[in-house]
$ cat run-v4.json   # JSON, C-alpha atoms (C1' of nucleotides)
[["chain", "number", "residue", "atom", "x", "y", "z"],
["A", 1, "MET", "CA", -68.61, 69.69, -2.32],
["A", 2, "SER", "CA", -71.76, 71.75, -2.44],
["A", 3, "ALA", "CA", -69.77, 74.88, -3.13],
["A", 4, "MET", "CA", -69.86, 74.99, -6.88],
["A", 5, "SER", "CA", -69.63, 72.61, -9.76],
["A", 6, "GLU", "CA", -68.71, 73.15, -13.35],
["A", 7, "PRO", "CA", -71.55, 73.54, -15.83],
["A", 8, "LEU", "CA", -72.59, 70.29, -17.45],
["A", 9, "ASP", "CA", -71.42, 69.66, -20.98],
["A", 10, "PRO", "CA", -74.59, 69.54, -23.08],
["A", 11, "ALA", "CA", -72.92, 66.99, -25.35],
["A", 12, "MET", "CA", -71.79, 64.69, -22.58],
["A", 13, "PHE", "CA", -74.06, 61.84, -23.67],
["A", 14, "ASP", "CA", -74.11, 62.41, -27.41],
["A", 15, "SER", "CA", -71.95, 59.41, -28.21],
["A", 16, "CYS", "CA", -73.27, 57.21, -25.44],
["A", 17, "PRO", "CA", -74.39, 53.81, -26.70],
["A", 18, "SER", "CA", -76.65, 53.20, -23.75],
["A", 19, "VAL", "CA", -79.70, 52.63, -25.92],
["A", 20, "SER", "CA", -78.44, 49.33, -27.26],
["A", 21, "ALA", "CA", -76.22, 48.36, -24.37],
["A", 22, "PRO", "CA", -77.30, 45.26, -22.48],
["A", 23, "ILE", "CA", -76.81, 46.75, -19.03],
["A", 24, "ARG", "CA", -79.32, 49.20, -17.66],
["A", 25, "PHE", "CA", -79.68, 51.07, -14.40],
["A", 26, "GLY", "CA", -83.17, 51.97, -13.38],
["A", 27, "ASP", "CA", -85.21, 53.39, -16.19],
["A", 28, "LYS", "CA", -84.05, 54.94, -19.41],
["A", 29, "TRP", "CA", -82.63, 58.06, -17.78],
["A", 30, "THR", "CA", -81.53, 57.01, -14.31],
["A", 31, "ALA", "CA", -77.89, 56.31, -15.08],
["A", 32, "LYS", "CA", -77.47, 59.57, -16.98],
["A", 33, "ILE", "CA", -79.10, 61.57, -14.22],
["A", 34, "ILE", "CA", -76.82, 59.99, -11.63],
["A", 35, "THR", "CA", -73.85, 60.87, -13.79],
["A", 36, "CYS", "CA", -75.05, 64.45, -14.03],
["A", 37, "LEU", "CA", -75.38, 64.67, -10.27],
["A", 38, "GLU", "CA", -72.02, 63.11, -9.50],
["A", 39, "ALA", "CA", -70.19, 66.40, -9.11],
["A", 40, "GLY", "CA", -72.80, 68.07, -6.95],
["A", 41, "PRO", "CA", -76.40, 69.34, -6.78],
["A", 42, "ARG", "CA", -78.07, 70.42, -10.01],
["A", 43, "ARG", "CA", -81.14, 72.34, -10.97],
["A", 44, "PHE", "CA", -83.96, 70.93, -13.05],
["A", 45, "SER", "CA", -83.02, 72.97, -16.09],
["A", 46, "GLU", "CA", -79.35, 72.09, -15.75],
["A", 47, "LEU", "CA", -80.28, 68.45, -16.11],
["A", 48, "GLN", "CA", -82.41, 69.04, -19.16],
["A", 49, "ALA", "CA", -79.54, 70.23, -21.34],
["A", 50, "PRO", "CA", -77.33, 67.14, -21.52],
["A", 51, "LEU", "CA", -80.41, 64.94, -21.57],
["A", 52, "ARG", "CA", -81.04, 66.30, -25.03],
["A", 53, "GLY", "CA", -84.62, 67.27, -25.31],
["A", 54, "ILE", "CA", -86.07, 65.18, -22.52],
["A", 55, "THR", "CA", -89.51, 66.58, -21.85],
["A", 56, "PRO", "CA", -90.20, 68.07, -18.43],
["A", 57, "LYS", "CA", -92.80, 65.42, -17.78],
["A", 58, "VAL", "CA", -90.41, 62.56, -18.31],
["A", 59, "LEU", "CA", -87.61, 64.23, -16.35],
["A", 60, "THR", "CA", -90.00, 64.88, -13.49],
["A", 61, "GLU", "CA", -91.17, 61.28, -13.55],
["A", 62, "SER", "CA", -87.62, 59.97, -13.50],
["A", 63, "LEU", "CA", -86.58, 62.28, -10.67],
["A", 64, "ARG", "CA", -89.68, 61.39, -8.65],
["A", 65, "ALA", "CA", -88.96, 57.71, -9.05],
["A", 66, "MET", "CA", -85.39, 58.26, -7.92],
["A", 67, "GLU", "CA", -86.55, 60.34, -4.98],
["A", 68, "ARG", "CA", -89.02, 57.63, -4.07],
["A", 69, "ASP", "CA", -86.21, 55.08, -4.11],
["A", 70, "GLY", "CA", -83.97, 57.27, -1.97],
["A", 71, "MET", "CA", -81.46, 57.88, -4.75],
["A", 72, "VAL", "CA", -81.82, 61.66, -4.81],
["A", 73, "THR", "CA", -83.15, 64.42, -2.62],
["A", 74, "ARG", "CA", -85.26, 67.28, -3.90],
["A", 75, "THR", "CA", -84.87, 70.69, -2.29],
["A", 76, "ALA", "CA", -87.18, 73.53, -3.25],
["A", 77, "TYR", "CA", -86.20, 77.08, -2.31],
["A", 78, "PRO", "CA", -89.15, 79.41, -1.71],
["A", 79, "GLU", "CA", -88.00, 82.12, -4.04],
["A", 80, "THR", "CA", -89.32, 83.82, -7.12],
["A", 81, "PRO", "CA", -88.49, 82.57, -9.61],
["A", 82, "PRO", "CA", -88.54, 79.15, -7.97],
["A", 83, "ARG", "CA", -85.36, 77.17, -7.64],
["A", 84, "VAL", "CA", -85.16, 73.44, -7.09],
["A", 85, "GLU", "CA", -82.04, 71.41, -6.57],
["A", 86, "TYR", "CA", -81.53, 67.69, -6.89],
["A", 87, "GLU", "CA", -78.70, 65.93, -5.12],
["A", 88, "LEU", "CA", -77.44, 62.38, -4.87],
["A", 89, "THR", "CA", -77.94, 60.54, -1.60],
["A", 90, "PRO", "CA", -75.35, 58.06, -0.36],
["A", 91, "LEU", "CA", -77.57, 55.31, -1.73],
["A", 92, "GLY", "CA", -77.63, 56.94, -5.14],
["A", 93, "ARG", "CA", -73.91, 57.45, -4.97],
["A", 94, "SER", "CA", -73.42, 53.79, -4.14],
["A", 95, "LEU", "CA", -74.67, 52.93, -7.60],
["A", 96, "LEU", "CA", -71.65, 54.62, -9.16],
["A", 97, "GLY", "CA", -69.54, 51.53, -8.51],
["A", 98, "PRO", "CA", -71.77, 49.04, -10.34],
["A", 99, "MET", "CA", -72.31, 51.64, -13.06],
["A", 100, "ALA", "CA", -68.57, 51.91, -13.61],
["A", 101, "VAL", "CA", -68.32, 48.13, -13.89],
["A", 102, "GLY", "CA", -71.13, 48.12, -16.41],
["A", 103, "CYS", "CA", -69.55, 50.92, -18.43],
["A", 104, "GLU", "CA", -66.28, 49.08, -18.49],
["A", 105, "TRP", "CA", -67.97, 45.97, -19.82],
["A", 106, "ILE", "CA", -69.62, 48.03, -22.51],
["A", 107, "ARG", "CA", -66.37, 49.68, -23.49],
["A", 108, "ALA", "CA", -64.67, 46.31, -23.67],
["A", 109, "HIS", "CA", -67.38, 44.38, -25.51],
["A", 110, "MET", "CA", -69.65, 46.76, -27.35],
["A", 111, "ASP", "CA", -67.84, 46.30, -30.63],
["A", 112, "GLU", "CA", -68.20, 42.52, -30.44],
["A", 113, "LEU", "CA", -71.86, 43.00, -29.83],
["A", 114, "VAL", "CA", -72.26, 45.32, -32.81],
["A", 115, "GLU", "CA", -70.30, 42.97, -35.05],
["A", 116, "SER", "CA", -72.44, 40.08, -33.91],
["A", 117, "ARG", "CA", -75.57, 42.00, -34.77],
["A", 118, "GLU", "CA", -74.30, 42.91, -38.21],
["A", 119, "ALA", "CA", -73.25, 39.33, -38.90],
["A", 120, "TYR", "CA", -76.69, 38.15, -37.82],
["A", 121, "GLU", "CA", -78.38, 40.62, -40.16],
["A", 122, "LYS", "CA", -76.26, 39.37, -43.07],
["A", 123, "ARG", "CA", -77.19, 35.77, -42.30],
["A", 124, "GLN", "CA", -80.85, 36.75, -42.47],
["A", 125, "ASP", "CA", -80.42, 38.50, -45.82],
["A", 126, "ILE", "CA", -79.18, 35.35, -47.59],
["A", 127, "PRO", "CA", -81.25, 32.59, -46.03],
["A", 128, "ALA", "CA", -80.39, 29.94, -48.65],
["B", 129, "MET", "CA", -68.42, 21.09, -18.85],
["B", 130, "SER", "CA", -70.78, 19.93, -21.56],
["B", 131, "ALA", "CA", -71.02, 16.50, -20.01],
["B", 132, "MET", "CA", -74.03, 16.85, -17.83],
["B", 133, "SER", "CA", -75.58, 19.47, -15.60],
["B", 134, "GLU", "CA", -78.04, 19.17, -12.79],
["B", 135, "PRO", "CA", -81.69, 19.88, -13.56],
["B", 136, "LEU", "CA", -82.70, 23.47, -12.96],
["B", 137, "ASP", "CA", -84.63, 24.23, -9.83],
["B", 138, "PRO", "CA", -88.04, 25.46, -11.01],
["B", 139, "ALA", "CA", -88.18, 27.77, -7.99],
["B", 140, "MET", "CA", -84.76, 29.29, -8.50],
["B", 141, "PHE", "CA", -86.12, 32.75, -9.24],
["B", 142, "ASP", "CA", -89.20, 32.73, -7.07],
["B", 143, "SER", "CA", -87.80, 35.11, -4.49],
["B", 144, "CYS", "CA", -85.78, 37.19, -6.92],
["B", 145, "PRO", "CA", -86.45, 40.90, -6.56],
["B", 146, "SER", "CA", -85.29, 41.69, -10.07],
["B", 147, "VAL", "CA", -88.58, 43.28, -11.01],
["B", 148, "SER", "CA", -88.03, 46.29, -8.81],
["B", 149, "ALA", "CA", -84.25, 46.27, -8.74],
["B", 150, "PRO", "CA", -82.59, 49.28, -10.33],
["B", 151, "ILE", "CA", -80.05, 47.27, -12.30],
["B", 152, "ARG", "CA", -81.08, 45.38, -15.41],
["B", 153, "PHE", "CA", -79.24, 43.27, -17.94],
["B", 154, "GLY", "CA", -80.70, 43.17, -21.39],
["B", 155, "ASP", "CA", -84.44, 42.74, -21.45],
["B", 156, "LYS", "CA", -86.69, 41.37, -18.76],
["B", 157, "TRP", "CA", -85.43, 37.78, -19.06],
["B", 158, "THR", "CA", -81.81, 38.06, -20.19],
["B", 159, "ALA", "CA", -80.17, 37.89, -16.79],
["B", 160, "LYS", "CA", -82.26, 34.93, -15.72],
["B", 161, "ILE", "CA", -81.56, 33.06, -18.92],
["B", 162, "ILE", "CA", -77.84, 33.65, -18.53],
["B", 163, "THR", "CA", -78.06, 32.32, -14.99],
["B", 164, "CYS", "CA", -79.87, 29.24, -16.24],
["B", 165, "LEU", "CA", -77.16, 28.62, -18.82],
["B", 166, "GLU", "CA", -74.25, 29.15, -16.48],
["B", 167, "ALA", "CA", -73.76, 25.48, -15.68],
["B", 168, "GLY", "CA", -73.99, 24.26, -19.28],
["B", 169, "PRO", "CA", -76.25, 23.97, -22.32],
["B", 170, "ARG", "CA", -79.98, 23.77, -21.79],
["B", 171, "ARG", "CA", -82.98, 22.85, -23.86],
["B", 172, "PHE", "CA", -85.86, 25.16, -24.63],
["B", 173, "SER", "CA", -88.24, 23.39, -22.27],
["B", 174, "GLU", "CA", -85.66, 23.25, -19.52],
["B", 175, "LEU", "CA", -85.52, 27.02, -19.57],
["B", 176, "GLN", "CA", -89.27, 27.41, -19.44],
["B", 177, "ALA", "CA", -89.63, 25.80, -16.03],
["B", 178, "PRO", "CA", -87.71, 28.24, -13.79],
["B", 179, "LEU", "CA", -88.97, 31.13, -15.88],
["B", 180, "ARG", "CA", -92.38, 30.42, -14.39],
["B", 181, "GLY", "CA", -94.84, 30.42, -17.17],
["B", 182, "ILE", "CA", -93.00, 32.45, -19.74],
["B", 183, "THR", "CA", -94.79, 31.90, -23.02],
["B", 184, "PRO", "CA", -92.90, 30.17, -25.83],
["B", 185, "LYS", "CA", -93.20, 33.28, -27.93],
["B", 186, "VAL", "CA", -91.50, 35.51, -25.39],
["B", 187, "LEU", "CA", -88.80, 32.96, -24.61],
["B", 188, "THR", "CA", -88.10, 32.58, -28.30],
["B", 189, "GLU", "CA", -87.88, 36.33, -28.73],
["B", 190, "SER", "CA", -85.48, 36.67, -25.82],
["B", 191, "LEU", "CA", -83.27, 33.84, -27.02],
["B", 192, "ARG", "CA", -83.25, 35.20, -30.56],
["B", 193, "ALA", "CA", -82.18, 38.61, -29.30],
["B", 194, "MET", "CA", -79.41, 37.04, -27.26],
["B", 195, "GLU", "CA", -78.31, 34.95, -30.23],
["B", 196, "ARG", "CA", -78.30, 38.07, -32.37],
["B", 197, "ASP", "CA", -76.08, 39.80, -29.84],
["B", 198, "GLY", "CA", -73.70, 36.87, -29.69],
["B", 199, "MET", "CA", -74.59, 35.98, -26.11],
["B", 200, "VAL", "CA", -75.81, 32.45, -26.82],
["B", 201, "THR", "CA", -75.56, 29.86, -29.56],
["B", 202, "ARG", "CA", -78.48, 27.81, -30.76],
["B", 203, "THR", "CA", -77.87, 24.22, -31.85],
["B", 204, "ALA", "CA", -80.66, 22.18, -33.40],
["B", 205, "TYR", "CA", -80.27, 18.42, -33.64],
["B", 206, "PRO", "CA", -82.08, 16.82, -36.58],
["B", 207, "GLU", "CA", -83.93, 14.24, -34.56],
["B", 208, "THR", "CA", -87.49, 13.31, -33.89],
["B", 209, "PRO", "CA", -88.66, 14.59, -31.57],
["B", 210, "PRO", "CA", -86.54, 17.68, -32.21],
["B", 211, "ARG", "CA", -83.96, 18.77, -29.70],
["B", 212, "VAL", "CA", -82.47, 22.25, -29.47],
["B", 213, "GLU", "CA", -79.77, 23.38, -27.11],
["B", 214, "TYR", "CA", -78.80, 26.86, -26.08],
["B", 215, "GLU", "CA", -75.36, 27.59, -24.74],
["B", 216, "LEU", "CA", -73.54, 30.64, -23.46],
["B", 217, "THR", "CA", -70.82, 32.12, -25.65],
["B", 218, "PRO", "CA", -67.71, 33.67, -24.08],
["B", 219, "LEU", "CA", -69.35, 37.05, -24.62],
["B", 220, "GLY", "CA", -72.46, 35.94, -22.78],
["B", 221, "ARG", "CA", -70.33, 34.46, -20.05],
["B", 222, "SER", "CA", -68.43, 37.73, -19.72],
["B", 223, "LEU", "CA", -71.62, 39.31, -18.45],
["B", 224, "LEU", "CA", -71.55, 37.11, -15.36],
["B", 225, "GLY", "CA", -69.01, 39.42, -13.72],
["B", 226, "PRO", "CA", -71.04, 42.62, -14.00],
["B", 227, "MET", "CA", -74.14, 40.64, -13.07],
["B", 228, "ALA", "CA", -72.50, 39.47, -9.88],
["B", 229, "VAL", "CA", -71.57, 43.05, -9.02],
["B", 230, "GLY", "CA", -75.14, 44.13, -9.65],
["B", 231, "CYS", "CA", -76.55, 41.31, -7.54],
["B", 232, "GLU", "CA", -74.22, 42.20, -4.72],
["B", 233, "TRP", "CA", -75.41, 45.80, -4.80],
["B", 234, "ILE", "CA", -78.98, 44.60, -4.69],
["B", 235, "ARG", "CA", -78.31, 42.29, -1.76],
["B", 236, "ALA", "CA", -76.58, 45.11, 0.08],
["B", 237, "HIS", "CA", -79.06, 47.91, -0.60],
["B", 238, "MET", "CA", -82.41, 46.45, -1.56],
["B", 239, "ASP", "CA", -83.79, 46.84, 1.94],
["B", 240, "GLU", "CA", -82.86, 50.53, 2.04],
["B", 241, "LEU", "CA", -84.63, 50.95, -1.24],
["B", 242, "VAL", "CA", -87.76, 49.22, -0.04],
["B", 243, "GLU", "CA", -87.77, 51.24, 3.18],
["B", 244, "SER", "CA", -87.38, 54.41, 1.20],
["B", 245, "ARG", "CA", -90.34, 53.50, -0.95],
["B", 246, "GLU", "CA", -92.50, 52.75, 2.05],
["B", 247, "ALA", "CA", -91.51, 55.99, 3.74],
["B", 248, "TYR", "CA", -92.33, 57.86, 0.56],
["B", 249, "GLU", "CA", -95.76, 56.27, 0.37],
["B", 250, "LYS", "CA", -96.46, 57.30, 3.95],
["B", 251, "ARG", "CA", -95.46, 60.86, 3.21],
["B", 252, "GLN", "CA", -97.94, 60.91, 0.35],
["B", 253, "ASP", "CA", -100.76, 59.59, 2.52],
["B", 254, "ILE", "CA", -100.60, 62.48, 4.97],
["B", 255, "PRO", "CA", -99.86, 65.47, 2.77],
["B", 256, "ALA", "CA", -100.72, 68.17, 5.31],
["C", 257, "DC", "C1'", -88.53, 78.39, -13.53],
["C", 258, "DG", "C1'", -90.40, 74.14, -12.52],
["C", 259, "DG", "C1'", -93.64, 71.83, -12.88],
["C", 260, "DC", "C1'", -98.79, 69.38, -13.80],
["C", 261, "DA", "C1'", -102.95, 67.82, -16.95],
["C", 262, "DT", "C1'", -104.19, 65.78, -20.98],
["C", 263, "DC", "C1'", -103.94, 63.22, -24.99],
["C", 264, "DC", "C1'", -101.78, 60.06, -28.21],
["C", 265, "DG", "C1'", -98.97, 56.52, -30.97],
["C", 266, "DG", "C1'", -95.94, 52.66, -30.71],
["C", 267, "DC", "C1'", -94.15, 49.00, -28.71],
["C", 268, "DT", "C1'", -94.50, 44.78, -26.47],
["C", 269, "DA", "C1'", -95.76, 41.22, -23.26],
["C", 270, "DG", "C1'", -99.02, 37.88, -22.97],
["C", 271, "DA", "C1'", -102.96, 34.68, -24.12],
["C", 272, "DT", "C1'", -104.43, 31.48, -27.30],
["C", 273, "DA", "C1'", -104.26, 28.43, -31.00],
["C", 274, "DC", "C1'", -101.85, 25.95, -34.48],
["C", 275, "DT", "C1'", -97.61, 23.38, -36.95],
["C", 276, "DG", "C1'", -93.23, 20.61, -38.49],
["D", 277, "DC", "C1'", -90.51, 19.11, -28.56],
["D", 278, "DA", "C1'", -89.84, 23.49, -30.11],
["D", 279, "DG", "C1'", -91.44, 26.55, -31.91],
["D", 280, "DT", "C1'", -94.85, 30.02, -35.25],
["D", 281, "DA", "C1'", -99.15, 32.96, -36.13],
["D", 282, "DT", "C1'", -102.44, 36.12, -34.68],
["D", 283, "DC", "C1'", -104.67, 39.13, -31.80],
["D", 284, "DT", "C1'", -105.19, 42.12, -27.87],
["D", 285, "DA", "C1'", -104.51, 45.12, -23.92],
["D", 286, "DG", "C1'", -101.71, 47.80, -21.29],
["D", 287, "DC", "C1'", -98.10, 50.70, -20.35],
["D", 288, "DC", "C1'", -94.83, 54.28, -21.38],
["D", 289, "DG", "C1'", -92.41, 57.86, -23.71],
["D", 290, "DG", "C1'", -93.26, 61.89, -25.80],
["D", 291, "DA", "C1'", -95.82, 66.23, -27.54],
["D", 292, "DT", "C1'", -98.57, 70.02, -26.33],
["D", 293, "DG", "C1'", -100.52, 73.36, -23.46],
["D", 294, "DC", "C1'", -101.55, 75.58, -18.94],
["D", 295, "DC", "C1'", -100.35, 77.17, -14.02],
["D", 296, "DG", "C1'", -98.09, 79.08, -9.62]]

$ encode --input "run-v4.json" --output "structure tokens"
Amino acid sequence: MSAMSEPLDPAMFDSCPSVSAPIRFGDKWTAKIITCLEAGPRRFSELQAPLRGITPKVLTESLRAMERDGMVTRTAYPETPPRVEYELTPLGRSLLGPMAVGCEWIRAHMDELVESREAYEKRQDIPA
Amino acid sequence: MSAMSEPLDPAMFDSCPSVSAPIRFGDKWTAKIITCLEAGPRRFSELQAPLRGITPKVLTESLRAMERDGMVTRTAYPETPPRVEYELTPLGRSLLGPMAVGCEWIRAHMDELVESREAYEKRQDIPA
DNA sequence: CGGCATCCGGCTAGATACTG
DNA sequence: CAGTATCTAGCCGGATGCCG
């Protein structure tokens, strides 16, 4: 499991509607980070790519919060240049189930939600 | 179903750990509002009680957002004094499943999470 | 490479007061 | 009763720049 994992697809979240989805896990980035770590440990810079321009500060904050909550472990190797790896704990991994349920709901209902929003907009445009 | 429903317990959310739980539905109040509406339609002021001091402005905003997303319907009766009822749509009701899954996760793991946070704090207090 | 320090703009929850 | 109007304060995401 910790042997080797495929590189992350930088575009893996490009069509992800999570911004407007009504189900959220942790903060803005938590669910995506967990997804990135599903296949095995990842380095800081590996995570940055699919997260599309997340600033180091924000990524650090998110990872710290997840470490604090026991969702991930942080392992720093005393090398030069430094190397740090983040890995899911069992607790973090246990969120994958609820996340899958949430994603399924979104897949099944997101279009209704979008339609409803558009219909609502239209109603506002012609208010008698 | 629309006949009559028991009054809401004003304390129904008093021991709810949703603030620090890592799973969220919609905005801060959405999940609670859905829970309040589960048993049938409710009036604006009925919702205010268990939501412990939510201001009318914020409750209105939340309900509007949910109406926009097709989660609830708003029905105003032309009476004096005015009466308005909010009711779950099938779409809103369909969130109950994922919510139950999320709540179960929280029940099962919230204590681990809290322990982890406390342990983390301790580690910060004695940093060598 | 993997951060931390600093500063900033925008959003938003909330308090408060008023209205149909 | 069921909101609206207005104002404010706080937090948070993000940009930029520096360090080990």

$ interface_residues --input "run-v4.json" --of "chain A" --to "chain B" --cutoff "12 Å" --atoms "all atoms listed in the file" --output "NGL selection string"
:A and (18-31 or 64-73 or 89-106 or 108-124)

$ interface_residues --input "run-v4.json" --of "chain B" --to "chain D" --cutoff "7 Å" --atoms "all atoms listed in the file" --output "VMD selection string"
chain B and resid 172 209 to 211

$ calpha_fit_and_write --input "run-v4.json" --fixed "chain B" --moving "chain A" --output "compact mmCIF listing (two decimals) with C-alpha atoms, keeping the file's coordinate frame"
# COMPACT_ATOMS: atom_id res chain seq x y z
CA MET A 1 -68.40 20.99 -19.08
CA SER A 2 -70.83 19.85 -21.72
CA ALA A 3 -71.04 16.43 -20.14
CA MET A 4 -74.04 16.84 -17.92
CA SER A 5 -75.52 19.44 -15.67
CA GLU A 6 -77.93 19.15 -12.81
CA PRO A 7 -81.58 19.84 -13.54
CA LEU A 8 -82.59 23.43 -12.94
CA ASP A 9 -84.50 24.19 -9.78
CA PRO A 10 -87.91 25.40 -10.94
CA ALA A 11 -88.06 27.70 -7.92
CA MET A 12 -84.66 29.25 -8.45
CA PHE A 13 -86.06 32.71 -9.19
CA ASP A 14 -89.14 32.66 -7.00
CA SER A 15 -87.74 35.08 -4.44
CA CYS A 16 -85.77 37.17 -6.90
CA PRO A 17 -86.50 40.87 -6.56
CA SER A 18 -85.35 41.66 -10.06
CA VAL A 19 -88.63 43.28 -11.02
CA SER A 20 -88.09 46.28 -8.80
CA ALA A 21 -84.32 46.26 -8.73
CA PRO A 22 -82.66 49.26 -10.34
CA ILE A 23 -80.09 47.25 -12.27
CA ARG A 24 -81.10 45.38 -15.38
CA PHE A 25 -79.26 43.26 -17.90
CA GLY A 26 -80.70 43.17 -21.36
CA ASP A 27 -84.42 42.70 -21.40
CA LYS A 28 -86.67 41.34 -18.71
CA TRP A 29 -85.40 37.77 -19.00
CA THR A 30 -81.80 38.04 -20.15
CA ALA A 31 -80.13 37.87 -16.76
CA LYS A 32 -82.22 34.89 -15.67
CA ILE A 33 -81.53 33.04 -18.89
CA ILE A 34 -77.80 33.62 -18.51
CA THR A 35 -78.01 32.29 -14.98
CA CYS A 36 -79.81 29.21 -16.22
CA LEU A 37 -77.14 28.59 -18.82
CA GLU A 38 -74.21 29.11 -16.48
CA ALA A 39 -73.72 25.44 -15.72
CA GLY A 40 -73.97 24.23 -19.29
CA PRO A 41 -76.23 23.93 -22.35
CA ARG A 42 -79.98 23.75 -21.80
CA ARG A 43 -82.98 22.83 -23.84
CA PHE A 44 -85.85 25.18 -24.57
CA SER A 45 -88.20 23.39 -22.23
CA GLU A 46 -85.61 23.23 -19.47
CA LEU A 47 -85.47 27.00 -19.51
CA GLN A 48 -89.21 27.39 -19.37
CA ALA A 49 -89.58 25.79 -15.94
CA PRO A 50 -87.64 28.20 -13.72
CA LEU A 51 -88.87 31.11 -15.81
CA ARG A 52 -92.28 30.43 -14.34
CA GLY A 53 -94.80 30.46 -17.08
CA ILE A 54 -92.91 32.47 -19.66
CA THR A 55 -94.73 31.94 -22.92
CA PRO A 56 -92.85 30.24 -25.75
CA LYS A 57 -93.15 33.37 -27.84
CA VAL A 58 -91.44 35.55 -25.30
CA LEU A 59 -88.75 32.97 -24.54
CA THR A 60 -88.07 32.60 -28.24
CA GLU A 61 -87.84 36.35 -28.66
CA SER A 62 -85.43 36.68 -25.76
CA LEU A 63 -83.24 33.83 -26.98
CA ARG A 64 -83.21 35.22 -30.53
CA ALA A 65 -82.15 38.61 -29.25
CA MET A 66 -79.37 37.01 -27.24
CA GLU A 67 -78.29 34.93 -30.22
CA ARG A 68 -78.29 38.05 -32.36
CA ASP A 69 -76.05 39.77 -29.82
CA GLY A 70 -73.68 36.81 -29.68
CA MET A 71 -74.56 35.94 -26.09
CA VAL A 72 -75.80 32.42 -26.81
CA THR A 73 -75.58 29.84 -29.54
CA ARG A 74 -78.53 27.82 -30.76
CA THR A 75 -77.94 24.24 -31.88
CA ALA A 76 -80.75 22.25 -33.44
CA TYR A 77 -80.39 18.48 -33.71
CA PRO A 78 -82.22 16.93 -36.66
CA GLU A 79 -84.08 14.34 -34.68
CA THR A 80 -87.67 13.46 -34.02
CA PRO A 81 -88.81 14.77 -31.69
CA PRO A 82 -86.67 17.84 -32.30
CA ARG A 83 -84.07 18.87 -29.78
CA VAL A 84 -82.56 22.31 -29.49
CA GLU A 85 -79.84 23.38 -27.13
CA TYR A 86 -78.82 26.85 -26.07
CA GLU A 87 -75.37 27.57 -24.73
CA LEU A 88 -73.52 30.61 -23.46
CA THR A 89 -70.79 32.07 -25.63
CA PRO A 90 -67.69 33.61 -24.06
CA LEU A 91 -69.31 37.00 -24.60
CA GLY A 92 -72.42 35.90 -22.75
CA ARG A 93 -70.29 34.43 -20.03
CA SER A 94 -68.41 37.69 -19.69
CA LEU A 95 -71.59 39.29 -18.43
CA LEU A 96 -71.52 37.10 -15.33
CA GLY A 97 -69.00 39.42 -13.70
CA PRO A 98 -71.05 42.62 -13.99
CA MET A 99 -74.15 40.63 -13.07
CA ALA A 100 -72.50 39.47 -9.85
CA VAL A 101 -71.59 43.06 -9.01
CA GLY A 102 -75.16 44.13 -9.64
CA CYS A 103 -76.55 41.31 -7.52
CA GLU A 104 -74.25 42.23 -4.71
CA TRP A 105 -75.43 45.81 -4.81
CA ILE A 106 -79.01 44.62 -4.70
CA ARG A 107 -78.34 42.33 -1.78
CA ALA A 108 -76.63 45.14 0.08
CA HIS A 109 -79.10 47.93 -0.65
CA MET A 110 -82.45 46.48 -1.58
CA ASP A 111 -83.85 46.88 1.90
CA GLU A 112 -82.92 50.56 1.98
CA LEU A 113 -84.67 50.97 -1.30
CA VAL A 114 -87.82 49.25 -0.07
CA GLU A 115 -87.82 51.28 3.13
CA SER A 116 -87.41 54.45 1.13
CA ARG A 117 -90.37 53.54 -1.02
CA GLU A 118 -92.55 52.79 1.97
CA ALA A 119 -91.55 56.03 3.66
CA TYR A 120 -92.37 57.91 0.47
CA GLU A 121 -95.81 56.29 0.29
CA LYS A 122 -96.53 57.32 3.88
CA ARG A 123 -95.52 60.90 3.14
CA GLN A 124 -98.00 60.94 0.28
CA ASP A 125 -100.82 59.59 2.45
CA ILE A 126 -100.66 62.51 4.90
CA PRO A 127 -99.91 65.49 2.68
CA ALA A 128 -100.77 68.14 5.30

$ interface_residues --input "run-v4.json" --of "chain B" --to "chain C" --cutoff "12 Å" --atoms "all atoms listed in the file" --output "list in words"
Asp155, Lys156, Trp157, Gly181, Ile182, Thr183, Pro184, Lys185, Val186, Leu187, Glu189, Ser190, Pro206, Glu207, Thr208, Pro209 and Pro210 of chain B

$ atom_distance --input "run-v4.json" --atom1 "atom CA of B:Glu213" --atom2 "atom CA of B:Asp142"
24.0 Å

$ atom_distance --input "run-v4.json" --atom1 "atom CA of B:Tyr214" --atom2 "atom CA of B:Thr163"
12.4 Å

$ atom_distance --input "run-v4.json" --atom1 "atom CA of B:Asp137" --atom2 "atom CA of B:Leu191"
19.7 Å

$ closest_residue --input "run-v4.json" --among "A:Cys16, A:Ile33, A:Leu88, A:Ala76" --to "A:Leu51" --atoms "only C-alpha atoms"
A:Ile33

$ axis_aligned_box --input "run-v4.json" --around "stretch 34-51 of chain A" --padding-each-side "3 Å" --output "lines of an AutoDock Vina configuration file"
center_x = -77.1
center_y = 66.5
center_z = -14.2
size_x = 19.8
size_y = 19.0
size_z = 20.8

$ decode --input "run-v4.json" --residues "stretch 34-38 of chain A" --atoms "N, CA and C atoms" --output "compact mmCIF listing (two decimals), in the first residue's frame"
# COMPACT_ATOMS: atom_id res chain seq x y z
N ILE A 34 -8.71 14.32 1.21
CA ILE A 34 -8.91 12.90 1.54
C ILE A 34 -8.91 12.07 0.26
N THR A 35 -9.58 12.56 -0.75
CA THR A 35 -9.60 11.85 -2.03
C THR A 35 -8.19 11.69 -2.59
N CYS A 36 -7.40 12.73 -2.50
CA CYS A 36 -6.03 12.68 -2.99
C CYS A 36 -5.19 11.65 -2.24
N LEU A 37 -5.52 11.47 -0.96
CA LEU A 37 -4.70 10.58 -0.13
C LEU A 37 -5.21 9.14 -0.13
N GLU A 38 -6.30 8.91 -0.83
CA GLU A 38 -6.93 7.60 -0.77
C GLU A 38 -6.00 6.48 -1.22
